[in-house]
>>> print(open('upload-v7.txt').read())   # compact mmCIF, C-alpha atoms and all ligand atoms
# COMPACT_ATOMS: atom_id res chain seq x y z
CA HIS A 1 22.36 -60.20 -41.21
CA ASP A 2 25.16 -58.79 -43.36
CA ARG A 3 24.31 -61.00 -46.31
CA LEU A 4 21.35 -62.30 -48.25
CA ILE A 5 22.70 -65.20 -50.28
CA SER A 6 19.67 -67.50 -50.25
CA VAL A 7 16.34 -67.79 -48.45
CA ASP A 8 18.20 -70.03 -45.98
CA ASP A 9 19.45 -66.73 -44.50
CA LEU A 10 15.85 -65.86 -43.57
CA ASN A 11 13.34 -67.05 -40.98
CA PRO A 12 9.58 -66.28 -40.88
CA LEU A 13 10.12 -63.30 -38.55
CA ASP A 14 12.74 -61.80 -40.92
CA ILE A 15 10.24 -62.19 -43.76
CA GLN A 16 7.45 -60.54 -41.77
CA ILE A 17 9.69 -57.55 -40.95
CA LEU A 18 10.88 -57.24 -44.58
CA PHE A 19 7.26 -57.39 -45.84
CA GLU A 20 6.23 -54.66 -43.39
CA ARG A 21 9.07 -52.41 -44.54
CA ALA A 22 8.36 -53.23 -48.20
CA GLU A 23 4.71 -52.24 -47.67
CA HIS A 24 5.96 -48.91 -46.29
CA TRP A 25 8.29 -48.34 -49.27
CA LEU A 26 5.65 -49.42 -51.77
CA GLY A 27 3.40 -46.62 -50.46
CA ILE A 28 6.30 -44.14 -50.71
CA ASN A 29 7.05 -45.29 -54.27
CA ARG A 30 3.48 -44.45 -55.25
CA SER A 31 3.83 -40.90 -53.89
CA PRO A 32 5.46 -38.00 -55.74
CA ASP A 33 8.22 -37.73 -53.09
CA LYS A 34 10.24 -40.91 -53.63
CA LYS A 35 13.65 -39.76 -52.45
CA HIS A 36 14.80 -40.50 -48.88
CA ASP A 37 18.10 -40.41 -47.02
CA VAL A 38 18.10 -43.68 -45.06
CA LEU A 39 21.30 -44.77 -46.84
CA LYS A 40 22.86 -41.32 -47.31
CA GLY A 41 26.65 -41.54 -47.30
CA LEU A 42 26.70 -45.26 -48.13
CA THR A 43 27.95 -46.73 -51.40
CA GLN A 44 26.25 -49.62 -53.21
CA ILE A 45 27.95 -51.48 -56.05
CA ASN A 46 25.77 -53.49 -58.44
CA LEU A 47 28.05 -56.08 -60.04
CA PHE A 48 26.22 -57.86 -62.86
CA PHE A 49 27.95 -60.60 -64.89
CA GLU A 50 24.68 -61.74 -66.52
CA PRO A 51 22.03 -59.73 -68.38
CA SER A 52 19.19 -58.21 -66.34
CA THR A 53 16.36 -55.74 -66.81
CA ARG A 54 14.18 -56.00 -63.69
CA THR A 55 16.72 -56.89 -61.02
CA LEU A 56 19.38 -54.37 -62.00
CA ALA A 57 16.95 -51.48 -62.58
CA SER A 58 15.10 -52.15 -59.32
CA PHE A 59 18.27 -52.47 -57.20
CA GLU A 60 19.54 -49.23 -58.73
CA LEU A 61 16.24 -47.42 -58.11
CA ALA A 62 15.98 -48.90 -54.61
CA GLY A 63 19.47 -47.71 -53.62
CA LYS A 64 18.98 -44.25 -55.16
CA ARG A 65 15.54 -43.75 -53.59
CA LEU A 66 17.12 -44.51 -50.21
CA GLY A 67 19.87 -41.96 -50.81
CA ALA A 68 22.85 -44.29 -51.42
CA ASP A 69 25.54 -43.62 -54.03
CA VAL A 70 25.00 -46.41 -56.56
CA VAL A 71 27.59 -47.68 -59.06
CA ASN A 72 26.68 -50.24 -61.73
CA PHE A 73 29.29 -52.62 -63.21
CA SER A 74 28.24 -54.89 -66.06
CA ALA A 75 30.46 -57.77 -67.17
CA SER A 76 30.54 -56.59 -70.77
CA ASN A 77 32.23 -53.35 -69.68
CA SER A 78 34.36 -54.72 -66.83
CA SER A 79 37.89 -56.12 -66.76
CA ALA A 80 36.42 -59.63 -66.33
CA LYS A 81 36.39 -59.50 -70.15
CA LYS A 82 40.21 -59.15 -70.03
CA GLY A 83 40.62 -62.25 -67.87
CA GLU A 84 40.45 -60.81 -64.35
CA THR A 85 39.34 -63.46 -61.86
CA LEU A 86 36.23 -63.04 -59.72
CA ALA A 87 38.45 -62.93 -56.61
CA ASP A 88 40.58 -60.10 -58.06
CA THR A 89 37.49 -58.18 -59.17
CA ALA A 90 35.99 -58.59 -55.69
CA ARG A 91 39.18 -57.45 -53.90
CA THR A 92 39.58 -54.51 -56.30
CA LEU A 93 36.04 -53.29 -55.67
CA ALA A 94 36.40 -53.89 -51.91
CA ALA A 95 39.48 -51.60 -51.90
CA MET A 96 37.18 -48.77 -53.03
CA ARG A 97 35.32 -49.15 -49.71
CA PRO A 98 31.73 -49.78 -50.78
CA ASP A 99 29.24 -50.59 -48.02
CA MET A 100 27.07 -53.03 -50.03
CA ILE A 101 27.63 -55.26 -53.05
CA VAL A 102 24.74 -56.63 -55.12
CA VAL A 103 25.96 -59.42 -57.39
CA ARG A 104 24.55 -61.46 -60.26
CA HIS A 105 26.77 -64.18 -61.72
CA GLN A 106 26.39 -67.26 -63.88
CA ALA A 107 28.17 -69.48 -61.32
CA SER A 108 26.27 -70.93 -58.35
CA GLY A 109 28.12 -69.83 -55.21
CA ALA A 110 29.51 -66.58 -56.68
CA ALA A 111 27.66 -64.29 -54.22
CA SER A 112 28.75 -66.33 -51.22
CA PHE A 113 32.34 -66.30 -52.56
CA ILE A 114 32.33 -62.51 -52.92
CA HIS A 115 31.00 -62.08 -49.39
CA ALA A 116 33.69 -64.41 -48.03
CA GLU A 117 36.44 -62.59 -50.01
CA THR A 118 35.39 -59.06 -49.06
CA SER A 119 33.39 -59.24 -45.78
CA ILE A 120 31.20 -56.52 -47.31
CA ALA A 121 27.39 -56.73 -46.96
CA THR A 122 26.33 -58.77 -50.01
CA VAL A 123 23.01 -59.40 -51.72
CA ASN A 124 22.71 -62.22 -54.20
CA ALA A 125 20.87 -60.97 -57.30
CA GLY A 126 20.95 -64.45 -58.88
CA ASP A 127 23.83 -66.99 -58.95
CA GLY A 128 23.63 -69.67 -61.62
CA MET A 129 20.90 -72.21 -60.87
CA HIS A 130 21.30 -71.77 -57.11
CA SER A 131 19.38 -68.84 -55.70
CA HIS A 132 17.63 -65.50 -56.31
CA PRO A 133 16.42 -64.60 -52.82
CA THR A 134 15.03 -61.10 -53.53
CA GLN A 135 12.93 -62.66 -56.33
CA GLY A 136 11.58 -65.19 -53.81
CA LEU A 137 10.80 -62.35 -51.40
CA LEU A 138 9.13 -60.16 -54.02
CA ASP A 139 7.09 -63.04 -55.44
CA LEU A 140 5.70 -63.94 -52.04
CA PHE A 141 5.21 -60.28 -51.10
CA ALA A 142 3.19 -59.64 -54.28
CA LEU A 143 1.23 -62.88 -53.82
CA THR A 144 0.48 -62.21 -50.13
CA ARG A 145 -0.74 -58.69 -50.94
CA ARG A 146 -3.22 -60.21 -53.42
CA ILE A 147 -4.43 -63.44 -51.75
CA GLY A 148 -3.49 -62.90 -48.10
CA ASP A 149 -1.47 -65.32 -45.95
CA VAL A 150 -0.20 -68.14 -48.20
CA GLY A 151 -0.19 -70.66 -45.31
CA GLY A 152 -2.25 -73.66 -46.49
CA LYS A 153 -2.76 -72.19 -49.99
CA ARG A 154 -1.98 -74.36 -53.01
CA VAL A 155 0.75 -72.84 -55.22
CA LEU A 156 1.95 -74.45 -58.44
CA ILE A 157 5.31 -73.74 -60.08
CA VAL A 158 5.37 -74.89 -63.69
CA GLY A 159 8.18 -74.97 -66.25
CA ASP A 160 11.94 -75.25 -66.38
CA ILE A 161 12.48 -76.03 -62.71
CA LEU A 162 15.85 -77.73 -63.31
CA HIS A 163 17.63 -74.52 -64.35
CA SER A 164 15.63 -72.12 -62.18
CA ARG A 165 17.15 -70.27 -59.24
CA VAL A 166 13.74 -68.55 -58.99
CA ALA A 167 12.01 -71.91 -58.43
CA ARG A 168 14.52 -72.81 -55.70
CA SER A 169 14.01 -69.46 -53.92
CA ASP A 170 10.21 -69.51 -54.35
CA VAL A 171 10.04 -73.06 -52.96
CA GLY A 172 12.22 -72.03 -50.01
CA MET A 173 9.91 -69.10 -49.28
CA LEU A 174 6.71 -71.12 -49.76
CA ASN A 175 8.02 -73.78 -47.35
CA LEU A 176 8.92 -71.12 -44.76
CA LEU A 177 5.41 -69.64 -45.06
CA GLY A 178 3.57 -72.98 -44.91
CA ALA A 179 2.07 -73.15 -48.42
CA GLU A 180 1.15 -76.38 -50.19
CA ILE A 181 3.62 -76.59 -53.07
CA ARG A 182 3.13 -78.31 -56.42
CA LEU A 183 5.75 -78.55 -59.17
CA CYS A 184 4.97 -79.47 -62.78
CA ALA A 185 7.55 -79.96 -65.53
CA PRO A 186 8.67 -82.37 -68.22
CA PRO A 187 10.80 -85.07 -66.50
CA THR A 188 13.92 -83.73 -68.26
CA LEU A 189 13.46 -80.30 -66.64
CA LEU A 190 13.25 -81.48 -63.03
CA PRO A 191 16.33 -81.62 -60.75
CA THR A 192 17.42 -85.01 -59.42
CA ASP A 193 16.98 -83.92 -55.78
CA VAL A 194 13.42 -82.61 -56.28
CA ASP A 195 11.98 -85.30 -53.95
CA ARG A 196 13.58 -83.40 -51.07
CA TRP A 197 12.01 -80.02 -51.93
CA GLY A 198 8.83 -80.56 -49.87
CA ALA A 199 6.62 -80.40 -52.98
CA GLU A 200 4.22 -82.69 -54.85
CA ILE A 201 5.50 -83.47 -58.37
CA PHE A 202 3.33 -83.58 -61.51
CA HIS A 203 3.99 -84.02 -65.21
CA ASP A 204 0.40 -83.42 -66.37
CA LEU A 205 -0.47 -79.72 -66.16
CA ASP A 206 -4.27 -80.10 -66.00
CA GLU A 207 -3.92 -82.45 -63.01
CA ALA A 208 -1.39 -80.14 -61.34
CA LEU A 209 -3.68 -77.11 -61.71
CA GLU A 210 -6.58 -78.65 -59.81
CA GLY A 211 -7.58 -76.45 -56.87
CA CYS A 212 -4.60 -74.09 -57.20
CA ASP A 213 -4.71 -70.58 -55.72
CA ALA A 214 -1.66 -69.34 -57.64
CA VAL A 215 0.48 -70.49 -60.56
CA ILE A 216 4.07 -69.36 -61.05
CA THR A 217 5.25 -69.90 -64.63
CA LEU A 218 8.97 -70.03 -65.46
CA ARG A 219 11.01 -69.19 -68.53
CA LEU A 220 12.60 -71.97 -70.57
CA GLN A 221 16.29 -71.21 -69.90
CA ARG A 222 17.73 -72.22 -73.24
CA GLU A 223 21.07 -70.58 -72.40
CA ARG A 224 21.58 -73.21 -69.67
CA MET A 225 20.50 -76.16 -71.86
CA SER A 226 22.30 -78.27 -74.41
CA GLY A 227 21.33 -80.73 -77.14
CA ALA A 228 18.58 -83.21 -76.34
CA LEU A 229 17.27 -81.24 -73.36
CA ILE A 230 15.87 -78.43 -75.50
CA PRO A 231 12.15 -78.99 -76.22
CA SER A 232 10.53 -77.31 -79.25
CA GLU A 233 8.53 -74.21 -78.31
CA ARG A 234 5.31 -75.47 -79.93
CA GLU A 235 5.51 -78.83 -78.19
CA TYR A 236 6.31 -77.16 -74.86
CA PHE A 237 3.36 -74.73 -75.11
CA HIS A 238 1.02 -77.59 -76.03
CA PHE A 239 1.86 -79.64 -72.92
CA TRP A 240 3.11 -77.11 -70.34
CA GLY A 241 2.01 -73.65 -71.52
CA VAL A 242 -0.46 -72.03 -69.09
CA THR A 243 -3.59 -70.70 -70.81
CA GLU A 244 -6.86 -69.21 -69.62
CA ARG A 245 -8.72 -72.34 -70.71
CA ARG A 246 -6.41 -74.51 -68.62
CA LEU A 247 -6.89 -72.29 -65.57
CA GLU A 248 -10.49 -73.63 -65.44
CA PHE A 249 -8.98 -76.58 -63.54
CA ALA A 250 -7.72 -74.20 -60.84
CA ASN A 251 -9.68 -72.22 -58.22
CA PRO A 252 -11.87 -69.51 -59.78
CA ASP A 253 -9.70 -66.70 -58.30
CA CYS A 254 -6.39 -68.35 -59.20
CA VAL A 255 -3.71 -65.77 -60.05
CA ILE A 256 -0.85 -66.17 -62.50
CA MET A 257 2.75 -65.03 -62.00
CA HIS A 258 6.00 -64.96 -63.97
CA PRO A 259 9.36 -63.61 -62.73
CA GLY A 260 10.21 -62.34 -66.24
CA PRO A 261 11.62 -62.13 -68.76
CA MET A 262 8.78 -64.18 -70.27
CA ASN A 263 8.46 -65.91 -73.60
CA ARG A 264 4.88 -65.18 -74.65
CA ASN A 265 3.04 -68.21 -76.03
CA VAL A 266 5.82 -70.56 -74.88
CA GLU A 267 5.39 -70.89 -71.11
CA ILE A 268 2.41 -68.52 -70.80
CA ASP A 269 -0.41 -67.54 -73.15
CA SER A 270 0.08 -63.92 -74.21
CA ALA A 271 -3.50 -62.81 -73.36
CA LEU A 272 -3.28 -64.45 -69.93
CA ALA A 273 0.00 -62.62 -69.18
CA ASP A 274 -1.91 -59.33 -69.73
CA HIS A 275 -5.10 -60.45 -67.95
CA PRO A 276 -6.30 -57.50 -65.83
CA GLU A 277 -7.52 -59.61 -62.87
CA ARG A 278 -5.47 -62.77 -62.96
CA SER A 279 -1.98 -61.59 -63.91
CA LEU A 280 0.32 -60.39 -61.11
CA ILE A 281 3.31 -59.94 -63.43
CA LEU A 282 3.56 -56.14 -63.17
CA ASP A 283 2.62 -56.25 -59.46
CA GLN A 284 5.72 -58.45 -59.07
CA VAL A 285 7.87 -55.80 -60.74
CA GLU A 286 6.47 -53.04 -58.50
CA ALA A 287 6.93 -55.27 -55.43
CA GLY A 288 10.53 -55.83 -56.53
CA VAL A 289 11.57 -52.21 -55.98
CA ALA A 290 9.90 -52.11 -52.55
CA ILE A 291 11.40 -55.43 -51.42
CA ARG A 292 14.88 -54.38 -52.54
CA MET A 293 14.49 -51.12 -50.64
CA ALA A 294 13.57 -53.13 -47.54
CA VAL A 295 16.59 -55.43 -47.98
CA LEU A 296 19.07 -52.60 -48.68
CA GLU A 297 17.68 -50.56 -45.78
CA GLN A 298 18.36 -53.46 -43.41
CA LEU A 299 21.82 -54.28 -44.76
CA GLY A 300 22.86 -50.64 -45.07
CA THR A 301 21.73 -49.75 -41.57
CA ARG A 302 23.74 -52.65 -40.23
CA ALA A 303 26.79 -51.76 -42.35
CA ARG A 304 26.63 -48.20 -41.00
CA ARG A 305 26.41 -49.48 -37.41
CA ASN A 306 29.36 -51.84 -37.95
CA SER A 307 31.58 -49.14 -39.45
CA GLY A 308 30.58 -46.87 -36.53
CA ASP A 309 31.60 -49.63 -34.12
CA ILE A 310 35.00 -49.91 -35.79
CA ALA A 311 35.55 -46.12 -35.81
N1 LIG B 1 13.33 -61.85 -62.78
C1 LIG B 1 14.56 -61.41 -63.10
O1 LIG B 1 15.55 -61.72 -62.44
O2 LIG B 1 14.61 -60.64 -64.23
P1 LIG B 1 15.93 -59.99 -64.85
O3 LIG B 1 16.77 -61.12 -65.38
O4 LIG B 1 15.44 -59.06 -65.95
O5 LIG B 1 16.65 -59.26 -63.77
>>> encode(input="upload-v7.txt", output="structure tokens", more="lines below")
Ligand code: CP
Amino acid sequence: HDRLISVDDLNPLDIQILFERAEHWLGINRSPDKKHDVLKGLTQINLFFEPSTRTLASFELAGKRLGADVVNFSASNSSAKKGETLADTARTLAAMRPDMIVVRHQASGAASFIHAETSIATVNAGDGMHSHPTQGLLDLFALTRRIGDVGGKRVLIVGDILHSRVARSDVGMLNLLGAEIRLCAPPTLLPTDVDRWGAEIFHDLDEALEGCDAVITLRLQRERMSGALIPSEREYFHFWGVTERRLEFANPDCVIMHPGPMNRNVEIDSALADHPERSLILDQVEAGVAIRMAVLEQLGTRARRNSGDIA
């Protein structure tokens, strides 16, 4: 592959190979010698039009630990602020001859557009409500490391599914890996096509939690909502907030996840988010660096081979 735009670009074998490489890099990241030269000589541009803590920092660390030259562009400091179109920004950056572009943008389809405009290896770091494939990979990598093969396991995603590219990527991954998927949300925060997602739909959280092996909570994305859609935080926590008491409906070993950034005591009880056994939230962050190293390693190696072919 020379692109990772959505989990549709992956098959189960791709995922297995990426998980094996991520396991390797996770071990390296825990050692004192983190710096390697797999991507030496290659240039990676991180082009972020939306705010990010985890994704940007982990793509930057991943590229640097693999020896790439990494350049970060954020929208607030770029000429997009002066009216430059996405196509002109893409062509301008492409003229500087990077080997990989990592892009986050508020518009669904932006990453695919940049790849089509530039023909440069592209990773989608989140495009609107569409997709966040490395988040899907890291979530399932972290979950598999904890509970083993997710095939046949019951996984619940609860929260603002309508606006969530993470939910779409997690569902894509869970379907590819054969999990039993449950979704729970207020009716106003479910997409109209959710019947075609291969998941069982719930509105009552206690019912949805029954027999679950893992629960993925999602942030209320107020920045993508308007007017009547916005529920009050207290009301939301009362009906859809995941708490330790509520987890009694799930399997005794049920783990809890959140892609971050989280709103404590809105979608997840603060003590549960910090729970030493149940919470995988920081495992997800650690997995994120390793998964992004695995993805960049694959794309960079291919980009190097292709440029060698041309030369
Ligand atoms: N999960 C995630 O994408 O977090 P950031 O917005 O901080 O990158």
>>> closest_atom_pairs(input="upload-v7.txt", of="chain A", to="ligand LIG 1 (chain B)", cutoff="12 Å", atoms="only C-alpha atoms and all ligand atoms", output="JSON lines")
{"residue": "A:Phe48", "atom": "CA", "partner": "B:LIG1", "partner_atom": "O5", "distance": 9.7}
{"residue": "A:Phe49", "atom": "CA", "partner": "B:LIG1", "partner_atom": "O3", "distance": 11.2}
{"residue": "A:Glu50", "atom": "CA", "partner": "B:LIG1", "partner_atom": "O3", "distance": 8.0}
{"residue": "A:Pro51", "atom": "CA", "partner": "B:LIG1", "partner_atom": "O3", "distance": 6.2}
{"residue": "A:Ser52", "atom": "CA", "partner": "B:LIG1", "partner_atom": "O5", "distance": 3.8}
{"residue": "A:Thr53", "atom": "CA", "partner": "B:LIG1", "partner_atom": "O4", "distance": 3.6}
{"residue": "A:Arg54", "atom": "CA", "partner": "B:LIG1", "partner_atom": "O4", "distance": 4.0}
{"residue": "A:Thr55", "atom": "CA", "partner": "B:LIG1", "partner_atom": "O5", "distance": 3.6}
{"residue": "A:Leu56", "atom": "CA", "partner": "B:LIG1", "partner_atom": "O5", "distance": 5.9}
{"residue": "A:Ala57", "atom": "CA", "partner": "B:LIG1", "partner_atom": "O5", "distance": 7.9}
{"residue": "A:Ser58", "atom": "CA", "partner": "B:LIG1", "partner_atom": "O5", "distance": 8.5}
{"residue": "A:Phe59", "atom": "CA", "partner": "B:LIG1", "partner_atom": "O5", "distance": 9.6}
{"residue": "A:Glu60", "atom": "CA", "partner": "B:LIG1", "partner_atom": "O5", "distance": 11.6}
{"residue": "A:Val103", "atom": "CA", "partner": "B:LIG1", "partner_atom": "O5", "distance": 11.3}
{"residue": "A:Arg104", "atom": "CA", "partner": "B:LIG1", "partner_atom": "O5", "distance": 8.9}
{"residue": "A:His105", "atom": "CA", "partner": "B:LIG1", "partner_atom": "O3", "distance": 11.1}
{"residue": "A:Gln106", "atom": "CA", "partner": "B:LIG1", "partner_atom": "O3", "distance": 11.5}
{"residue": "A:Asn124", "atom": "CA", "partner": "B:LIG1", "partner_atom": "O1", "distance": 10.9}
{"residue": "A:Ala125", "atom": "CA", "partner": "B:LIG1", "partner_atom": "O1", "distance": 7.4}
{"residue": "A:Gly126", "atom": "CA", "partner": "B:LIG1", "partner_atom": "O1", "distance": 7.0}
{"residue": "A:Asp127", "atom": "CA", "partner": "B:LIG1", "partner_atom": "O1", "distance": 10.4}
{"residue": "A:Gly128", "atom": "CA", "partner": "B:LIG1", "partner_atom": "O1", "distance": 11.4}
{"residue": "A:Met129", "atom": "CA", "partner": "B:LIG1", "partner_atom": "O1", "distance": 11.9}
{"residue": "A:Ser131", "atom": "CA", "partner": "B:LIG1", "partner_atom": "O1", "distance": 10.5}
{"residue": "A:His132", "atom": "CA", "partner": "B:LIG1", "partner_atom": "O1", "distance": 7.5}
{"residue": "A:Pro133", "atom": "CA", "partner": "B:LIG1", "partner_atom": "O1", "distance": 10.1}
{"residue": "A:Thr134", "atom": "CA", "partner": "B:LIG1", "partner_atom": "O1", "distance": 8.9}
{"residue": "A:Gln135", "atom": "CA", "partner": "B:LIG1", "partner_atom": "N1", "distance": 6.5}
{"residue": "A:Gly136", "atom": "CA", "partner": "B:LIG1", "partner_atom": "N1", "distance": 9.7}
{"residue": "A:Leu137", "atom": "CA", "partner": "B:LIG1", "partner_atom": "N1", "distance": 11.7}
{"residue": "A:Leu138", "atom": "CA", "partner": "B:LIG1", "partner_atom": "N1", "distance": 9.9}
{"residue": "A:Asp139", "atom": "CA", "partner": "B:LIG1", "partner_atom": "N1", "distance": 9.7}
{"residue": "A:Ser164", "atom": "CA", "partner": "B:LIG1", "partner_atom": "O1", "distance": 10.4}
{"residue": "A:Arg165", "atom": "CA", "partner": "B:LIG1", "partner_atom": "O1", "distance": 9.3}
{"residue": "A:Val166", "atom": "CA", "partner": "B:LIG1", "partner_atom": "N1", "distance": 7.7}
{"residue": "A:Ala167", "atom": "CA", "partner": "B:LIG1", "partner_atom": "N1", "distance": 11.0}
{"residue": "A:Ser169", "atom": "CA", "partner": "B:LIG1", "partner_atom": "O1", "distance": 11.6}
{"residue": "A:Asp170", "atom": "CA", "partner": "B:LIG1", "partner_atom": "N1", "distance": 11.8}
{"residue": "A:Thr217", "atom": "CA", "partner": "B:LIG1", "partner_atom": "N1", "distance": 11.6}
{"residue": "A:Leu218", "atom": "CA", "partner": "B:LIG1", "partner_atom": "N1", "distance": 9.6}
{"residue": "A:Arg219", "atom": "CA", "partner": "B:LIG1", "partner_atom": "N1", "distance": 9.6}
{"residue": "A:Gln221", "atom": "CA", "partner": "B:LIG1", "partner_atom": "O3", "distance": 11.1}
{"residue": "A:Met257", "atom": "CA", "partner": "B:LIG1", "partner_atom": "N1", "distance": 11.1}
{"residue": "A:His258", "atom": "CA", "partner": "B:LIG1", "partner_atom": "N1", "distance": 8.1}
{"residue": "A:Pro259", "atom": "CA", "partner": "B:LIG1", "partner_atom": "N1", "distance": 4.3}
{"residue": "A:Gly260", "atom": "CA", "partner": "B:LIG1", "partner_atom": "N1", "distance": 4.7}
{"residue": "A:Pro261", "atom": "CA", "partner": "B:LIG1", "partner_atom": "O2", "distance": 5.6}
{"residue": "A:Met262", "atom": "CA", "partner": "B:LIG1", "partner_atom": "N1", "distance": 9.1}
{"residue": "A:Ile281", "atom": "CA", "partner": "B:LIG1", "partner_atom": "N1", "distance": 10.2}
{"residue": "A:Leu282", "atom": "CA", "partner": "B:LIG1", "partner_atom": "N1", "distance": 11.3}
{"residue": "A:Gln284", "atom": "CA", "partner": "B:LIG1", "partner_atom": "N1", "distance": 9.1}
{"residue": "A:Val285", "atom": "CA", "partner": "B:LIG1", "partner_atom": "N1", "distance": 8.4}
{"residue": "A:Glu286", "atom": "CA", "partner": "B:LIG1", "partner_atom": "N1", "distance": 12.0}
{"residue": "A:Ala287", "atom": "CA", "partner": "B:LIG1", "partner_atom": "N1", "distance": 11.8}
{"residue": "A:Gly288", "atom": "CA", "partner": "B:LIG1", "partner_atom": "N1", "distance": 9.1}
{"residue": "A:Val289", "atom": "CA", "partner": "B:LIG1", "partner_atom": "O5", "distance": 11.7}
>>> residues_around(input="upload-v7.txt", residues="A:Asp149", least_positions_apart="2", cutoff="12 Å", atoms="only C-alpha atoms", output="JSON, numbers by chain")
{"A": [16, 19, 140, 141, 142, 143, 144, 145, 146, 147, 151, 152, 153, 154, 174, 176, 177, 178, 179, 213]}
>>> residues_around(input="upload-v7.txt", residues="stretch 78-93 of chain A", least_positions_apart="2", cutoff="10 Å", atoms="all atoms listed in the file", output="JSON, numbers by chain")
{"A": [45, 47, 48, 49, 73, 74, 75, 76, 95, 96, 97, 98, 101, 105, 110, 113, 114, 115, 116, 117, 118, 120]}
>>> write_last_selection(input="upload-v7.txt", atoms="C-alpha atoms", output="mmCIF file, in the frame of the given file")
data_model
loop_
_atom_site.group_PDB
_atom_site.id
_atom_site.type_symbol
_atom_site.label_atom_id
_atom_site.label_comp_id
_atom_site.auth_asym_id
_atom_site.auth_seq_id
_atom_site.Cartn_x
_atom_site.Cartn_y
_atom_site.Cartn_z
ATOM 1 C CA ILE A 45 27.950 -51.480 -56.050
ATOM 2 C CA LEU A 47 28.050 -56.080 -60.040
ATOM 3 C CA PHE A 48 26.220 -57.860 -62.860
ATOM 4 C CA PHE A 49 27.950 -60.600 -64.890
ATOM 5 C CA PHE A 73 29.290 -52.620 -63.210
ATOM 6 C CA SER A 74 28.240 -54.890 -66.060
ATOM 7 C CA ALA A 75 30.460 -57.770 -67.170
ATOM 8 C CA SER A 76 30.540 -56.590 -70.770
ATOM 9 C CA ALA A 95 39.480 -51.600 -51.900
ATOM 10 C CA MET A 96 37.180 -48.770 -53.030
ATOM 11 C CA ARG A 97 35.320 -49.150 -49.710
ATOM 12 C CA PRO A 98 31.730 -49.780 -50.780
ATOM 13 C CA ILE A 101 27.630 -55.260 -53.050
ATOM 14 C CA HIS A 105 26.770 -64.180 -61.720
ATOM 15 C CA ALA A 110 29.510 -66.580 -56.680
ATOM 16 C CA PHE A 113 32.340 -66.300 -52.560
ATOM 17 C CA ILE A 114 32.330 -62.510 -52.920
ATOM 18 C CA HIS A 115 31.000 -62.080 -49.390
ATOM 19 C CA ALA A 116 33.690 -64.410 -48.030
ATOM 20 C CA GLU A 117 36.440 -62.590 -50.010
ATOM 21 C CA THR A 118 35.390 -59.060 -49.060
ATOM 22 C CA ILE A 120 31.200 -56.520 -47.310
#
>>> residues_around(input="upload-v7.txt", residues="stretch 190-200 of chain A", least_positions_apart="5", cutoff="6 Å", atoms="only C-alpha atoms", output="PDB file with C-alpha atoms, in the frame of the given file")
ATOM      1  CA  ILE A 161      12.480 -76.030 -62.710  1.00  0.00           C
ATOM      2  CA  LEU A 162      15.850 -77.730 -63.310  1.00  0.00           C
ATOM      3  CA  ILE A 181       3.620 -76.590 -53.070  1.00  0.00           C
ATOM      4  CA  ARG A 182       3.130 -78.310 -56.420  1.00  0.00           C
TER       5      ARG A 182
END
>>> residues_near_point(input="upload-v7.txt", point="(2.5, -86.2, -65.1)", cutoff="9 Å", atoms="all atoms listed in the file", output="PyMOL selection string")
chain A and resi 184-187+201-205+207-208
>>> closest_residue(input="upload-v7.txt", among="A:Glu244, A:Asp99, A:Glu20, A:Glu297", to="A:Leu42", atoms="all atoms listed in the file")
A:Asp99
>>> residues_around(input="upload-v7.txt", residues="A:Ala294", least_positions_apart="5", cutoff="7 Å", atoms="all atoms listed in the file", output="PyMOL selection string")
chain A and resi 18+21-22
>>> closest_residue(input="upload-v7.txt", among="A:Cys254, A:Ala121, A:His36, A:His130", to="A:Gly172", atoms="all atoms listed in the file")
A:His130
>>> atom_distance(input="upload-v7.txt", atom1="atom CA of A:Val255", atom2="atom CA of A:Leu280")
6.8 Å
>>> axis_aligned_box(input="upload-v7.txt", around="stretch 9-12 of chain A", padding_each_side="3 Å", output="JSON")
{"center_x": 14.5, "center_y": -66.5, "center_z": -42.7, "size_x": 15.9, "size_y": 7.2, "size_z": 9.6}
>>> decode(input="upload-v7.txt", residues="stretch 14-21 of chain A", atoms="N, CA and C atoms", output="PDB file, in the first residue's frame")
ATOM      1  N   ASP A  14      -2.932  -7.933   6.556  1.00  0.00           N
ATOM      2  CA  ASP A  14      -2.242  -6.649   6.782  1.00  0.00           C
ATOM      3  C   ASP A  14      -2.221  -6.316   8.276  1.00  0.00           C
ATOM      4  N   ILE A  15      -3.375  -6.528   8.917  1.00  0.00           N
ATOM      5  CA  ILE A  15      -3.494  -6.176  10.341  1.00  0.00           C
ATOM      6  C   ILE A  15      -2.554  -7.051  11.173  1.00  0.00           C
ATOM      7  N   GLN A  16      -2.525  -8.335  10.847  1.00  0.00           N
ATOM      8  CA  GLN A  16      -1.641  -9.251  11.590  1.00  0.00           C
ATOM      9  C   GLN A  16      -0.176  -8.810  11.463  1.00  0.00           C
ATOM     10  N   ILE A  17       0.228  -8.453  10.239  1.00  0.00           N
ATOM     11  CA  ILE A  17       1.625  -8.033  10.026  1.00  0.00           C
ATOM     12  C   ILE A  17       1.908  -6.727  10.787  1.00  0.00           C
ATOM     13  N   LEU A  18       0.959  -5.765  10.710  1.00  0.00           N
ATOM     14  CA  LEU A  18       1.161  -4.494  11.421  1.00  0.00           C
ATOM     15  C   LEU A  18       1.229  -4.717  12.934  1.00  0.00           C
ATOM     16  N   PHE A  19       0.391  -5.618  13.461  1.00  0.00           N
ATOM     17  CA  PHE A  19       0.424  -5.898  14.908  1.00  0.00           C
ATOM     18  C   PHE A  19       1.767  -6.532  15.301  1.00  0.00           C
ATOM     19  N   GLU A  20       2.275  -7.419  14.439  1.00  0.00           N
ATOM     20  CA  GLU A  20       3.570  -8.053  14.763  1.00  0.00           C
ATOM     21  C   GLU A  20       4.687  -7.009  14.793  1.00  0.00           C
ATOM     22  N   ARG A  21       4.666  -6.107  13.806  1.00  0.00           N
ATOM     23  CA  ARG A  21       5.698  -5.059  13.795  1.00  0.00           C
ATOM     24  C   ARG A  21       5.499  -4.094  14.974  1.00  0.00           C
TER      25      ARG A  21
END
